[in-house]
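Chemist: Next up is a structure, given as structure tokens.
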Amino acid sequence: MQPAPSRLVPSRLVPEVDFDRDGRQTGFIRLFHSVDSSAFGFIPIPIVVIRNGAGPTALFVAGNHGDEFEGQVALCNLARTLDPASIQGRVIILPAANFPAAMAGRRTSPIDGGNLNRAFPGAADGGVTAQIAYFMETVLLPLADVVCDLHSGGASLLYTPCALVIRPPDPARLLPLIDLLTAFGAPLAFLAGGGNGTGDTQALAGAAARRGVPSMNTELGGAGMVGGKGLRLAERGLINVLVHAGILPPDRRIPVPGPMRLVELGGPDYYVHATDKGVFEPLAEPGETVRAGQPAARLHRPETPWDPPTLLHFQRDGLVMCKRVPGRTERGDCLFHLGTDI
């Protein structure tokens with residue numbers, strides 16, 4: 001496991017908020033960035049801190065990938081409406097963590113191409129994305145008792161709204177994560193084993209694991225838009241996580257409609273990837289149950305319309321968790337991934 005960076009090297013980012021002050025504070029994390037148009041300027045990463053006395057701290061993050069919007073909206077709403085007097089402890093809200101990517105509506109930063117969720121633990125003297133990761137790992141995560149990292153499928157995938165945790169190497173650490181998922185209250189949740197970046201040491205989930213902080217992610221929808229179902233799930237789930245953490249009182253818990261279905265995301269046979277370029281015709285939709293050998297997609301080539309399409313199949317039984325959104329696809333693009341009941 002990659003070690004946490006040493007605090008002997010301080011982050012170069014400067015927050016305008018005082019993490020130990022009571023009340024609601026809003027401001028920016030200043031990431032100094034010298035460019036042609038602004039020699040001594042900074043990138044203003046927005047942050048909200050809501051605190052009321054001693055108690056646990058929740059770190060809520062969205063915009064880790066800038067083209068995933070449901071979480072950004074949910075955290076904007078929470079930042080405006082959460083009353084400091086109603087909590088005991090602290091809530092740190094980072095609604096546009098990879099700020100350059102969020103402003104561009106892109107998964108990765110337009111400045112350095114950095115994918116924040118593959119940049120941890122970062123570097124104090126690195127590029128823009130590495131500096132953001134380093135600040136989060138060395139300044140924000142040590143303050144946190146629980147982490148919620150709100151994702152969706154972004155511009156390239158559409159998920160049935162769900163939540164997830166990374167299966168830890170130590171089975172004894174799994175139960176608190178399942179409790180966190182249960183508290184969030186998504187009707188569908190999955191355990192990921194890594195291998196697609198979600199469980200890597202370079203992700204925020206991996207950084208939280210290094211610190212021993214329970215963390216969970218979501219996949220709230222995607223397709224480059226704000227889905228109402230995913231947004232409502234996030235808004236309810238965040239309140240329930242605050243109750244679970246002891247930051248909000250038990251009577252603030254919002255009832256969930258039914259039991260959580262827990263599935264797992266396993267190895268390569270859970271995925272369908274494009275074997276060639278073409279126009280992707282999906283033959284299944286998120287939320288459907290499929291069988292091994294069932295047709296999954298056809299890849300058409302309008303440039304040679306007389307050629308038959310390439311037919312792809314699911315390799316195993318499972319629940320369709322997501323599908324690709326753009327019609328044009330290249331070899332290697334993820335078209336679907338499945339989950340299987342635990």
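Following the order of the structure tokens, chains are lettered A, B, ..., residues in each are numbered from 1, and ligands are numbered from 1.
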Quick one: residues within 6 Å of A:Thr160, only C-alpha atoms counted, chain neighbours fewer than 6 positions away excluded, as a PyMOL selection string?
Modeler: chain A and resi 221+286+321
Chemist: Those selected residues, please, written with N, CA and C atoms and delivered as a PDB file, in the first residue's frame.
Modeler:
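Output (selection-v1.pdb):
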ATOM      1  N   GLY A 221     -25.931   8.517 -11.637  1.00  0.00           N
ATOM      2  CA  GLY A 221     -26.591   8.624 -12.937  1.00  0.00           C
ATOM      3  C   GLY A 221     -25.553   8.903 -13.989  1.00  0.00           C
ATOM      4  N   PRO A 286     -29.473  -0.171 -18.216  1.00  0.00           N
ATOM      5  CA  PRO A 286     -29.192  -0.251 -16.781  1.00  0.00           C
ATOM      6  C   PRO A 286     -30.425  -0.698 -16.007  1.00  0.00           C
ATOM      7  N   MET A 321     -25.340  -2.519 -14.464  1.00  0.00           N
ATOM      8  CA  MET A 321     -25.165  -1.353 -13.612  1.00  0.00           C
ATOM      9  C   MET A 321     -25.081  -0.065 -14.421  1.00  0.00           C
TER      10      MET A 321
END
Chemist: Hey, what's within 8 Å of A:Phe60 if we count only C-alpha atoms and toss same-chain stuff fewer than 6 positions away? As a PDB file with N, CA and C atoms, in the first residue's frame, please?
Modeler:
ATOM      1  N   LEU A  75     -24.436  19.008  -3.229  1.00  0.00           N
ATOM      2  CA  LEU A  75     -23.614  19.680  -2.224  1.00  0.00           C
ATOM      3  C   LEU A  75     -23.855  21.191  -2.226  1.00  0.00           C
ATOM      4  N   VAL A  91     -18.971  19.799   9.219  1.00  0.00           N
ATOM      5  CA  VAL A  91     -19.175  19.302   7.858  1.00  0.00           C
ATOM      6  C   VAL A  91     -18.322  20.150   6.920  1.00  0.00           C
ATOM      7  N   ILE A  92     -17.455  19.495   6.180  1.00  0.00           N
ATOM      8  CA  ILE A  92     -16.609  20.155   5.185  1.00  0.00           C
ATOM      9  C   ILE A  92     -17.139  19.772   3.811  1.00  0.00           C
ATOM     10  N   ILE A  93     -17.483  20.773   3.009  1.00  0.00           N
ATOM     11  CA  ILE A  93     -18.123  20.545   1.718  1.00  0.00           C
ATOM     12  C   ILE A  93     -17.209  21.075   0.622  1.00  0.00           C
ATOM     13  N   LEU A  94     -16.858  20.184  -0.293  1.00  0.00           N
ATOM     14  CA  LEU A  94     -15.986  20.508  -1.424  1.00  0.00           C
ATOM     15  C   LEU A  94     -16.751  20.128  -2.701  1.00  0.00           C
ATOM     16  N   PRO A  95     -17.579  21.038  -3.232  1.00  0.00           N
ATOM     17  CA  PRO A  95     -18.485  20.646  -4.316  1.00  0.00           C
ATOM     18  C   PRO A  95     -17.846  20.577  -5.698  1.00  0.00           C
ATOM     19  N   VAL A 147     -16.099   9.967   4.990  1.00  0.00           N
ATOM     20  CA  VAL A 147     -15.957  10.619   3.695  1.00  0.00           C
ATOM     21  C   VAL A 147     -17.033  10.103   2.756  1.00  0.00           C
ATOM     22  N   CYS A 148     -17.690  11.026   2.051  1.00  0.00           N
ATOM     23  CA  CYS A 148     -18.640  10.706   0.983  1.00  0.00           C
ATOM     24  C   CYS A 148     -18.121  11.364  -0.286  1.00  0.00           C
ATOM     25  N   ASP A 149     -17.768  10.567  -1.299  1.00  0.00           N
ATOM     26  CA  ASP A 149     -17.261  11.077  -2.568  1.00  0.00           C
ATOM     27  C   ASP A 149     -18.334  10.804  -3.620  1.00  0.00           C
ATOM     28  N   LEU A 150     -19.018  11.858  -4.064  1.00  0.00           N
ATOM     29  CA  LEU A 150     -20.191  11.714  -4.918  1.00  0.00           C
ATOM     30  C   LEU A 150     -19.783  11.708  -6.388  1.00  0.00           C
TER      31      LEU A 150
END
Chemist: Distance atom CA of A:Asp341-atom CA of A:Arg324, one decimal place?
Modeler: 22.1 Å
Chemist: So the first atom is atom CA of A:Leu116 and the second is atom CA of A:Arg30; what is the distance between them in Å, to one decimal place?
Modeler: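 For atom CA of A:Leu116 relative to atom CA of A:Arg30, the distance reads 16.8 Å.
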Chemist: Can you tell me which residues surround stretch 130-134 of chain A at a distance of at most 8 Å, considering only C-alpha atoms, apart from same-chain residues fewer than 4 positions away, and format the answer as an MDAnalysis selection string?
Modeler: chainID A and resid 11:13 31 97:98 114 116 119:126 138:139
Chemist: So that I can check the secondary structure, give me every residue of stretch 128-169 of chain A assigned strand (DSSP E or B) by backbone DSSP, as a ChimeraX atom specification.
Modeler: /A:146-149,157-159,162-166
Chemist: Please produce an output containing C-alpha atoms for each residue in the selection, written as an mmCIF file, in the first residue's frame.
Modeler:
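Wrote it out as out.cif, contents follow:
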data_model
loop_
_atom_site.group_PDB
_atom_site.id
_atom_site.type_symbol
_atom_site.label_atom_id
_atom_site.label_comp_id
_atom_site.auth_asym_id
_atom_site.auth_seq_id
_atom_site.Cartn_x
_atom_site.Cartn_y
_atom_site.Cartn_z
ATOM 1 C CA VAL A 146 -16.262 9.861 7.414
ATOM 2 C CA VAL A 147 -15.957 10.619 3.695
ATOM 3 C CA CYS A 148 -18.640 10.706 0.983
ATOM 4 C CA ASP A 149 -17.261 11.077 -2.568
ATOM 5 C CA LEU A 157 -21.658 6.405 -18.874
ATOM 6 C CA LEU A 158 -25.178 6.215 -17.483
ATOM 7 C CA TYR A 159 -25.656 4.334 -14.184
ATOM 8 C CA CYS A 162 -26.358 3.451 -6.626
ATOM 9 C CA ALA A 163 -23.685 3.663 -3.951
ATOM 10 C CA LEU A 164 -20.490 1.682 -3.470
ATOM 11 C CA VAL A 165 -17.546 0.948 -1.240
ATOM 12 C CA ILE A 166 -14.191 -0.606 -1.989
#
Chemist: Using DSSP on the backbone, list every residue of stretch 150-293 of chain A that comes out as helix (DSSP H, G or I), and give them as a PyMOL selection string.
Modeler: chain A and resi 171-184+204-211+228-244+250-252+268-270
Chemist: Include C-alpha atoms and write out the residues we just selected as a JSON list (two decimals), in the first residue's frame.
Modeler:
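Output contents, as saved in out.json:
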[["chain", "number", "residue", "atom", "x", "y", "z"],
["A", 171, "PRO", "CA", -12.41, -8.35, 6.14],
["A", 172, "ALA", "CA", -12.80, -6.89, 9.64],
["A", 173, "ARG", "CA", -12.93, -3.40, 8.07],
["A", 174, "LEU", "CA", -15.80, -4.30, 5.74],
["A", 175, "LEU", "CA", -18.67, -4.18, 8.25],
["A", 176, "PRO", "CA", -18.31, -0.44, 9.06],
["A", 177, "LEU", "CA", -18.36, 0.27, 5.33],
["A", 178, "ILE", "CA", -21.53, -1.79, 4.86],
["A", 179, "ASP", "CA", -23.06, 0.10, 7.78],
["A", 180, "LEU", "CA", -22.18, 3.36, 6.02],
["A", 181, "LEU", "CA", -23.79, 2.16, 2.78],
["A", 182, "THR", "CA", -26.88, 1.05, 4.68],
["A", 183, "ALA", "CA", -27.13, 4.44, 6.37],
["A", 184, "PHE", "CA", -26.85, 6.26, 3.03],
["A", 204, "LEU", "CA", -9.72, 9.35, -2.93],
["A", 205, "ALA", "CA", -11.10, 6.08, -1.55],
["A", 206, "GLY", "CA", -7.56, 4.73, -1.39],
["A", 207, "ALA", "CA", -6.36, 7.89, 0.34],
["A", 208, "ALA", "CA", -9.14, 7.56, 2.94],
["A", 209, "ALA", "CA", -8.21, 3.92, 3.50],
["A", 210, "ARG", "CA", -4.61, 4.95, 4.16],
["A", 211, "ARG", "CA", -5.90, 7.25, 6.90],
["A", 228, "GLY", "CA", -33.52, 13.90, -10.69],
["A", 229, "LYS", "CA", -33.55, 10.39, -9.26],
["A", 230, "GLY", "CA", -29.83, 10.45, -8.51],
["A", 231, "LEU", "CA", -29.99, 13.98, -7.12],
["A", 232, "ARG", "CA", -32.79, 13.07, -4.71],
["A", 233, "LEU", "CA", -30.89, 9.96, -3.64],
["A", 234, "ALA", "CA", -27.79, 12.04, -2.89],
["A", 235, "GLU", "CA", -29.67, 14.68, -0.92],
["A", 236, "ARG", "CA", -31.41, 12.08, 1.25],
["A", 237, "GLY", "CA", -28.26, 9.99, 1.63],
["A", 238, "LEU", "CA", -26.08, 12.88, 2.80],
["A", 239, "ILE", "CA", -28.52, 13.73, 5.59],
["A", 240, "ASN", "CA", -28.64, 10.10, 6.66],
["A", 241, "VAL", "CA", -24.83, 9.86, 6.68],
["A", 242, "LEU", "CA", -24.73, 12.89, 8.99],
["A", 243, "VAL", "CA", -27.18, 11.10, 11.30],
["A", 244, "HIS", "CA", -25.09, 7.91, 11.10],
["A", 250, "PRO", "CA", -31.51, 10.60, 15.01],
["A", 251, "ASP", "CA", -34.85, 12.32, 14.38],
["A", 252, "ARG", "CA", -33.38, 13.91, 11.24],
["A", 268, "PRO", "CA", -12.87, -8.61, -16.31],
["A", 269, "ASP", "CA", -15.83, -10.84, -17.18],
["A", 270, "TYR", "CA", -18.15, -8.31, -15.51]]
Chemist: When you look at A:Asp83 with a cut-off of 10 Å (counting only C-alpha atoms), what residues show up, excluding the ones that are within fewer than 2 positions of it in the same chain? I need them as a compact mmCIF listing (two decimals) with N, CA and C atoms, in the first residue's frame.
Modeler:
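File produced: selection_3.txt:
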# COMPACT_ATOMS: atom_id res chain seq x y z
N GLY A 23 -19.92 28.05 13.21
CA GLY A 23 -20.76 28.77 12.27
C GLY A 23 -20.57 28.26 10.85
N ARG A 24 -21.09 29.01 9.89
CA ARG A 24 -20.96 28.67 8.47
C ARG A 24 -19.92 29.59 7.85
N ILE A 50 -19.10 24.04 7.90
CA ILE A 50 -20.21 24.28 8.83
C ILE A 50 -19.85 23.55 10.13
N ARG A 51 -19.76 24.30 11.22
CA ARG A 51 -19.27 23.72 12.47
C ARG A 51 -20.10 24.21 13.64
N ASN A 52 -20.30 23.30 14.60
CA ASN A 52 -20.95 23.67 15.86
C ASN A 52 -20.32 22.84 16.98
N LEU A 78 -26.92 21.44 -0.08
CA LEU A 78 -26.61 21.20 1.33
C LEU A 78 -25.87 22.38 1.93
N ALA A 79 -24.94 22.95 1.18
CA ALA A 79 -24.15 24.08 1.69
C ALA A 79 -25.04 25.27 2.04
N ARG A 80 -26.13 25.45 1.28
CA ARG A 80 -27.02 26.58 1.53
C ARG A 80 -28.01 26.33 2.66
N THR A 81 -28.38 25.07 2.87
CA THR A 81 -29.53 24.79 3.74
C THR A 81 -29.17 24.18 5.09
N ALA A 85 -26.69 25.39 13.70
CA ALA A 85 -27.27 25.11 15.02
C ALA A 85 -27.86 23.71 15.10
N SER A 86 -28.09 23.07 13.97
CA SER A 86 -28.73 21.75 13.97
C SER A 86 -27.72 20.61 14.10
N ILE A 87 -26.43 20.92 14.00
CA ILE A 87 -25.42 19.86 14.01
C ILE A 87 -24.58 19.92 15.28
Chemist: Figure out the distance between atom CA of A:Ile43 and atom CA of A:Pro110, please, to one decimal in Å.
Modeler: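 Between atom CA of A:Pro110 and atom CA of A:Ile43 the gap works out to 12.8 Å.
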